[in-house]
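Visitor: You'll find coords_20.cif just under this line, and it carries mmCIF, C-alpha atoms.
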```
data_entry
loop_
_atom_site.label_atom_id
_atom_site.label_comp_id
_atom_site.auth_asym_id
_atom_site.auth_seq_id
_atom_site.Cartn_x
_atom_site.Cartn_y
_atom_site.Cartn_z
CA MET A 1 66.34 227.02 60.56
CA ILE A 2 69.25 225.29 58.81
CA ARG A 3 71.73 226.77 61.27
CA PHE A 4 69.71 225.42 64.16
CA ALA A 5 69.71 221.91 62.63
CA ILE A 6 73.50 222.03 62.09
CA VAL A 7 74.10 223.15 65.69
CA LEU A 8 71.80 220.40 66.96
CA LEU A 9 73.65 217.79 64.90
CA LEU A 10 77.04 218.95 66.21
CA LEU A 11 75.81 218.76 69.80
CA ALA A 12 74.45 215.22 69.23
CA ASN A 13 77.79 214.03 67.81
CA ALA A 14 79.70 215.59 70.68
CA GLY A 15 77.41 213.93 73.19
CA TYR A 16 77.78 210.49 71.56
CA TYR A 17 81.58 210.88 71.46
CA ALA A 18 81.68 211.76 75.18
CA PHE A 19 79.40 208.76 75.95
CA SER A 20 81.42 206.24 73.91
CA GLN A 21 84.73 207.41 75.41
CA GLY A 22 83.47 207.03 79.02
CA MET A 23 83.58 210.75 79.79
CA LEU A 24 80.12 210.61 81.33
CA ARG A 25 80.73 207.64 83.69
CA SER A 26 80.70 210.04 86.67
CA LEU A 27 77.08 210.84 85.78
CA GLY A 28 76.24 207.14 85.51
CA TRP A 29 76.29 207.13 81.74
CA GLY A 30 78.76 205.03 79.78
CA PRO A 31 79.13 201.81 77.68
CA GLU A 32 79.85 198.42 79.20
CA ASP A 33 83.53 197.54 79.63
CA PRO A 34 84.35 194.78 77.06
CA SER A 35 87.62 193.81 78.73
CA GLU A 36 85.86 191.67 81.39
CA PRO A 37 88.65 191.84 84.02
CA GLU A 38 86.65 189.55 86.28
CA ARG A 39 87.67 186.55 84.11
CA VAL A 40 91.32 187.18 84.88
CA GLN A 41 90.49 187.36 88.59
CA GLN A 42 88.73 183.93 88.41
CA GLN A 43 91.86 182.06 87.23
CA VAL A 44 92.92 179.10 89.39
CA LYS A 45 96.67 178.67 89.92
CA PRO A 46 97.82 180.54 86.82
CA GLU A 47 101.41 180.00 87.97
CA ALA A 48 101.01 176.25 87.18
CA LEU A 49 100.97 177.02 83.45
CA ARG A 50 104.18 176.74 81.48
CA ILE A 51 105.12 176.96 77.82
CA LEU A 52 106.07 173.67 76.16
CA THR A 53 108.31 173.26 73.18
CA PRO A 54 106.84 171.55 70.10
CA GLN A 55 108.77 168.35 70.93
CA GLU A 56 107.40 168.27 74.51
CA ALA A 57 103.85 168.91 73.32
CA LYS A 58 104.07 166.07 70.75
CA GLN A 59 105.55 163.69 73.37
CA ALA A 60 102.75 164.52 75.82
CA GLN A 61 100.08 163.71 73.21
CA GLU A 62 101.68 160.38 72.23
CA GLN A 63 102.47 159.23 75.79
CA PRO A 64 100.04 156.44 76.84
CA ARG A 65 98.14 156.63 80.05
CA THR A 66 100.12 154.70 82.70
CA ALA A 67 98.41 155.81 85.92
CA PRO A 68 95.13 157.45 86.98
CA ALA A 69 95.04 161.20 86.58
CA GLU A 70 94.37 161.66 90.31
CA THR A 71 97.75 160.09 91.30
CA ALA A 72 99.84 161.85 88.62
CA PRO A 73 102.15 164.40 90.28
CA ALA A 74 101.71 168.00 89.19
CA PRO A 75 104.63 169.30 87.16
CA ALA A 76 106.92 171.83 88.82
CA PRO A 77 106.35 175.34 87.59
CA VAL A 78 108.96 176.45 85.13
CA ALA A 79 109.61 180.01 84.14
CA ALA A 80 108.48 180.82 80.63
CA PRO A 81 111.41 181.42 78.31
CA ALA A 82 111.48 184.65 76.37
CA PRO A 83 110.50 184.21 72.70
CA ALA A 84 113.48 184.47 70.32
CA SER A 85 111.51 186.11 67.54
CA ALA A 86 107.98 186.80 66.38
CA SER A 87 108.31 184.13 63.66
CA ASP A 88 109.14 181.35 66.15
CA PRO A 89 105.92 179.28 66.64
CA ALA A 90 107.23 177.95 69.95
CA ALA A 91 107.17 181.46 71.36
CA PHE A 92 103.36 181.60 71.15
CA ALA A 93 102.56 177.96 72.02
CA VAL A 94 100.89 177.65 75.41
CA ALA A 95 100.68 174.08 76.62
CA GLU A 96 97.81 172.69 78.67
CA PRO A 97 98.53 171.30 82.14
CA ALA A 98 100.01 167.81 82.01
CA THR A 99 97.10 166.32 83.91
CA ASP A 100 94.56 167.71 81.44
CA THR A 101 96.56 166.37 78.45
CA ALA A 102 96.74 162.89 79.99
CA ASP A 103 93.04 162.92 80.81
CA LYS A 104 92.12 163.88 77.26
CA THR A 105 94.39 161.22 75.78
CA ALA A 106 92.93 158.58 78.08
CA ALA A 107 89.36 159.70 77.33
CA GLU A 108 89.94 159.44 73.58
CA ALA A 109 91.43 155.95 74.02
CA ASP A 110 88.40 154.87 76.11
CA LYS A 111 85.97 156.17 73.48
CA LEU A 112 87.83 154.35 70.71
CA ALA A 113 87.84 151.10 72.71
CA ALA A 114 84.12 151.45 73.45
CA LYS A 115 83.30 151.97 69.78
CA THR A 116 85.37 148.92 68.82
CA THR A 117 83.70 146.76 71.51
CA ASP A 118 80.13 147.91 70.89
CA LYS A 119 80.35 147.64 67.12
CA PRO A 120 78.56 144.46 66.08
CA ALA A 121 80.38 142.00 63.89
CA ASP A 122 79.64 142.44 60.25
CA LYS A 123 77.22 139.84 59.00
CA PRO A 124 78.35 137.91 55.97
CA ALA A 125 76.73 139.26 52.87
CA GLU A 126 73.98 137.02 51.59
CA LYS A 127 74.66 135.65 48.15
CA PRO A 128 72.02 136.80 45.65
CA GLU A 129 69.87 134.04 44.28
CA LYS A 130 70.72 133.09 40.74
CA PRO A 131 67.82 133.69 38.34
CA GLU A 132 66.22 130.52 37.04
CA LYS A 133 67.63 129.56 33.68
CA LYS A 134 65.12 129.72 30.83
CA GLU A 135 65.59 128.60 27.24
CA CYS A 136 63.85 128.87 23.91
CA LEU A 137 62.47 125.50 22.79
CA VAL A 138 60.45 124.30 19.81
CA ALA A 139 58.57 121.09 18.96
CA GLY A 140 56.96 119.84 15.75
CA SER A 141 55.80 119.33 13.25
CA PHE A 142 52.13 118.46 13.96
CA ASP A 143 49.33 117.90 11.50
CA ALA A 144 45.87 119.46 11.79
CA LYS A 145 44.45 116.55 13.80
CA GLN A 146 47.32 116.52 16.28
CA VAL A 147 47.28 120.26 16.80
CA ASP A 148 43.61 120.26 17.84
CA ALA A 149 44.43 118.11 20.88
CA LEU A 150 47.64 120.04 21.49
CA ARG A 151 45.79 123.36 21.74
CA LEU A 152 43.78 122.07 24.73
CA GLN A 153 47.02 121.45 26.66
CA LEU A 154 48.65 124.70 25.59
CA ALA A 155 45.66 126.66 26.89
CA LYS A 156 46.60 125.54 30.43
CA LEU A 157 49.94 127.37 30.24
CA PRO A 158 50.29 131.12 31.01
CA GLU A 159 49.09 133.37 28.22
CA GLY A 160 51.91 134.56 26.00
CA SER A 161 54.32 131.81 27.08
CA TRP A 162 53.91 129.85 23.83
CA ARG A 163 53.32 130.44 20.15
CA LEU A 164 51.87 128.19 17.45
CA ASP A 165 53.36 128.62 13.97
CA SER A 166 52.00 127.06 10.78
CA SER A 167 53.66 126.30 7.48
CA THR A 168 52.22 124.99 4.24
CA SER A 169 54.05 122.45 2.09
CA ALA A 170 53.17 122.60 -1.58
CA GLY A 171 51.67 119.57 -3.27
CA ARG A 172 53.29 117.64 -6.15
CA TRP A 173 51.70 116.17 -9.26
CA MET A 174 53.04 113.45 -11.56
CA VAL A 175 52.34 112.38 -15.14
CA TYR A 176 51.95 108.65 -14.63
CA VAL A 177 51.73 105.54 -16.80
CA GLY A 178 50.63 102.26 -15.20
CA LYS A 179 49.91 100.32 -13.07
CA PHE A 180 51.39 97.28 -14.88
CA SER A 181 50.53 93.71 -14.12
CA SER A 182 54.14 92.55 -14.14
CA GLN A 183 57.72 93.71 -14.39
CA GLU A 184 57.91 92.37 -17.94
CA ALA A 185 55.01 94.58 -19.00
CA LEU A 186 56.73 97.58 -17.32
CA ASP A 187 59.98 96.94 -19.18
CA THR A 188 58.18 96.57 -22.53
CA ARG A 189 56.36 99.90 -22.10
CA ARG A 190 59.56 101.66 -21.00
CA ASP A 191 61.29 100.49 -24.19
CA GLU A 192 58.41 101.91 -26.26
CA LEU A 193 58.74 105.31 -24.54
CA ARG A 194 62.48 105.41 -25.01
CA ALA A 195 61.93 104.77 -28.71
CA LEU A 196 59.85 107.96 -28.76
CA ASP A 197 62.78 109.78 -27.09
CA ILE A 198 60.84 110.25 -23.82
CA SER A 199 62.67 110.02 -20.51
CA THR A 200 61.11 107.89 -17.78
CA ASP A 201 61.50 107.24 -14.07
CA ARG A 202 60.03 104.95 -11.43
CA ALA A 203 56.78 105.98 -9.77
CA ARG A 204 58.38 105.44 -6.30
CA ILE A 205 55.00 105.25 -4.57
CA ALA A 206 53.96 101.90 -3.20
CA SER A 207 50.36 102.23 -4.34
CA LEU A 208 51.47 103.08 -7.89
CA GLU A 209 54.18 100.43 -8.37
CA PRO A 210 55.02 98.97 -10.80
CA GLY A 211 54.53 102.20 -12.74
CA ILE A 212 56.35 104.83 -14.80
CA SER A 213 56.69 108.56 -14.11
CA LEU A 214 56.99 110.88 -17.08
CA GLY A 215 57.64 113.94 -14.90
CA ARG A 216 56.85 115.58 -11.54
CA PHE A 217 55.47 119.13 -11.15
CA SER A 218 54.71 121.61 -8.36
CA SER A 219 51.30 122.51 -9.81
CA GLU A 220 48.51 120.57 -11.39
CA GLU A 221 48.37 122.97 -14.35
CA ALA A 222 52.01 122.28 -15.25
CA ALA A 223 51.38 118.55 -15.07
CA GLU A 224 48.38 118.86 -17.39
CA ARG A 225 50.42 120.79 -19.96
CA HIS A 226 53.11 118.12 -19.91
CA LEU A 227 50.49 115.40 -20.38
CA ALA A 228 49.18 117.20 -23.47
CA SER A 229 52.67 117.39 -24.96
CA MET A 230 53.16 113.64 -24.33
CA GLY A 231 49.91 112.94 -26.22
CA LYS A 232 51.21 114.85 -29.21
CA LYS A 233 54.26 112.57 -29.24
CA GLY A 234 52.04 109.48 -29.40
CA VAL A 235 51.99 108.49 -25.72
CA SER A 236 48.73 106.85 -24.70
CA GLY A 237 47.42 105.65 -21.34
CA ALA A 238 49.13 108.45 -19.32
CA LYS A 239 47.35 110.52 -16.66
CA VAL A 240 48.01 113.14 -13.96
CA VAL A 241 48.04 111.85 -10.37
CA VAL A 242 48.76 113.52 -7.00
CA GLU A 243 52.14 112.39 -5.78
CA ARG A 244 52.03 114.46 -2.55
CA PRO A 245 48.99 116.49 -1.47
CA GLU A 246 49.29 120.02 -0.15
CA ALA A 247 49.58 119.91 3.65
CA VAL A 248 49.67 122.35 6.60
CA SER A 249 52.05 121.53 9.48
CA TYR A 250 52.32 123.23 12.86
CA THR A 251 55.23 123.99 15.16
CA VAL A 252 55.01 125.08 18.82
CA ARG A 253 57.57 127.57 20.18
CA TRP A 254 58.22 128.43 23.85
CA PRO A 255 60.46 131.57 23.90
CA LYS A 256 61.29 131.28 27.64
CA MET A 257 60.62 127.85 29.09
CA ASP A 258 61.74 126.99 32.62
CA ALA A 259 62.65 123.52 33.87
CA ALA A 260 59.26 122.87 35.52
CA THR A 261 57.31 123.72 32.35
CA LYS A 262 59.69 121.63 30.25
CA LYS A 263 59.09 118.56 32.40
CA ARG A 264 55.35 119.18 32.28
CA VAL A 265 55.22 119.49 28.47
CA GLN A 266 57.33 116.37 27.95
CA SER A 267 54.72 114.36 29.89
CA TRP A 268 51.89 115.27 27.50
CA HIS A 269 50.64 112.38 25.39
CA VAL A 270 49.67 114.81 22.63
CA MET A 271 53.36 115.44 21.97
CA ASP A 272 53.31 112.06 20.20
CA GLY A 273 56.95 111.40 21.09
CA LYS A 274 58.24 114.64 19.52
CA GLU A 275 61.27 116.04 21.34
CA LEU A 276 61.82 119.62 22.45
CA ARG A 277 64.60 121.20 20.41
CA SER A 278 66.56 124.39 20.89
CA CYS A 279 65.33 127.36 18.86
CA SER A 280 68.85 128.15 17.64
#
```
Could you express the structure from this file as structure tokens?

Guide:
Amino acid sequence: MIRFAIVLLLLANAGYYAFSQGMLRSLGWGPEDPSEPERVQQQVKPEALRILTPQEAKQAQEQPRTAPAETAPAPAPVAAPAPASASDPAAFAVAEPATDTADKTAAEADKLAAKTTDKPADKPAEKPEKPEKKECLVAGSFDAKQVDALRLQLAKLPEGSWRLDSSTSAGRWMVYVGKFSSQEALDTRRDELRALDISTDRARIASLEPGISLGRFSSEEAAERHLASMGKKGVSGAKVVVERPEAVSYTVRWPKMDAATKKRVQSWHVMDGKELRSCS
């Protein structure tokens, strides 16, 4: 069985070799001829071809079109020179007919001219609009009564475009002696206090003048303790008064205010003449 398979394989190889080598063409069996000799037979005027040197080929490509291709005279056939050596590139350069080279050069020039003519002029680039300048502004201070009316106007602005800040100023208390009926009475009492080695100062409040201050304090408790110490030194008729009450003031801040909003805010009567200042 194995011998039969080997013999069959040898016969198949021999048959394929005879087929591929064209030995069976007489029987109508054989591969197609890849040489295609019919293409050589279809050549038109092959004698018009000639080999150009590299200089002639470069000159033909750079030569401008001076006359229509139809009227250009056909070049005289020239015998092809024998190549000097296999390394000479000119020996294997086959030039196209002169008419075809001129036609291609002219066609490329026409395409380039058409592209240049049809290309629309570049439009001037539009300048980007500059973003509107915004600035951080602040106004104040306002008391509690003023800020109530101001809040009604601020509510008309976009949410988050403004901020209301509050600050508390501490009150001040004074140990006070007075009010005297005359300047002479004030001077007499000041001399008595100096005799007790107690320093004095003017009250400096219109409603308390003429009067004497024995000290100013940031809390009422501190003022009361000082009054008790003055009593121990023999001072009579002194008392604790409020020189400046504790107060809450408000300031409005606009982190990014544009020109239109600035003009609008400045026209509000509730601003009470307060100017917009830079946050910095």

Visitor: Could you state the separation of atom CA of A:Trp162 and atom CA of A:Pro131 in Å, given to one decimal place?

Guide: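 One can read the atom CA of A:Trp162 to atom CA of A:Pro131 distance as 20.5 Å.
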
Visitor: When the PyMOL selection byres ((chain A and resi 180) around 12) is applied to the structure above, which residues does it catch, written out as a list in words?

Guide: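 Evaluating the PyMOL selection byres ((chain A and resi 180) around 12) on these coordinates yields Tyr176, Val177, Gly178, Lys179, Ser181, Ser182, Gln183, Glu184, Ala185, Leu186, Asp187, Thr188, Arg189, Arg190, Ala203, Ser207, Leu208, Glu209, Pro210, Gly211, Ile212 and Gly237 of chain A.
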
Visitor: Looking at all atoms listed in the file, which of A:Arg204, A:Lys130, A:Arg264, A:Lys145 is the one that sits closest to A:Ser249?

Guide: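 Checking each candidate against A:Ser249, we get A:Lys145 as the closest.
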
Visitor: Could you tell me which residues the PyMOL selection byres ((chain A and resi 265) around 12) returns for this structure, as a PyMOL selection string?

Guide: chain A and resi 137-139+150+153-154+156-157+162+252-254+257-264+266-276

Visitor: Figure out the distance between atom CA of A:Tyr250 and atom CA of A:Leu152, please, to one decimal in Å.

Guide: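 One can read the atom CA of A:Leu152 to atom CA of A:Tyr250 distance as 14.7 Å.
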
Visitor: Atom CA of A:Arg151 and atom CA of A:Gly171 are how many Å apart?

Guide: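 One can read the atom CA of A:Arg151 to atom CA of A:Gly171 distance as 26.0 Å.
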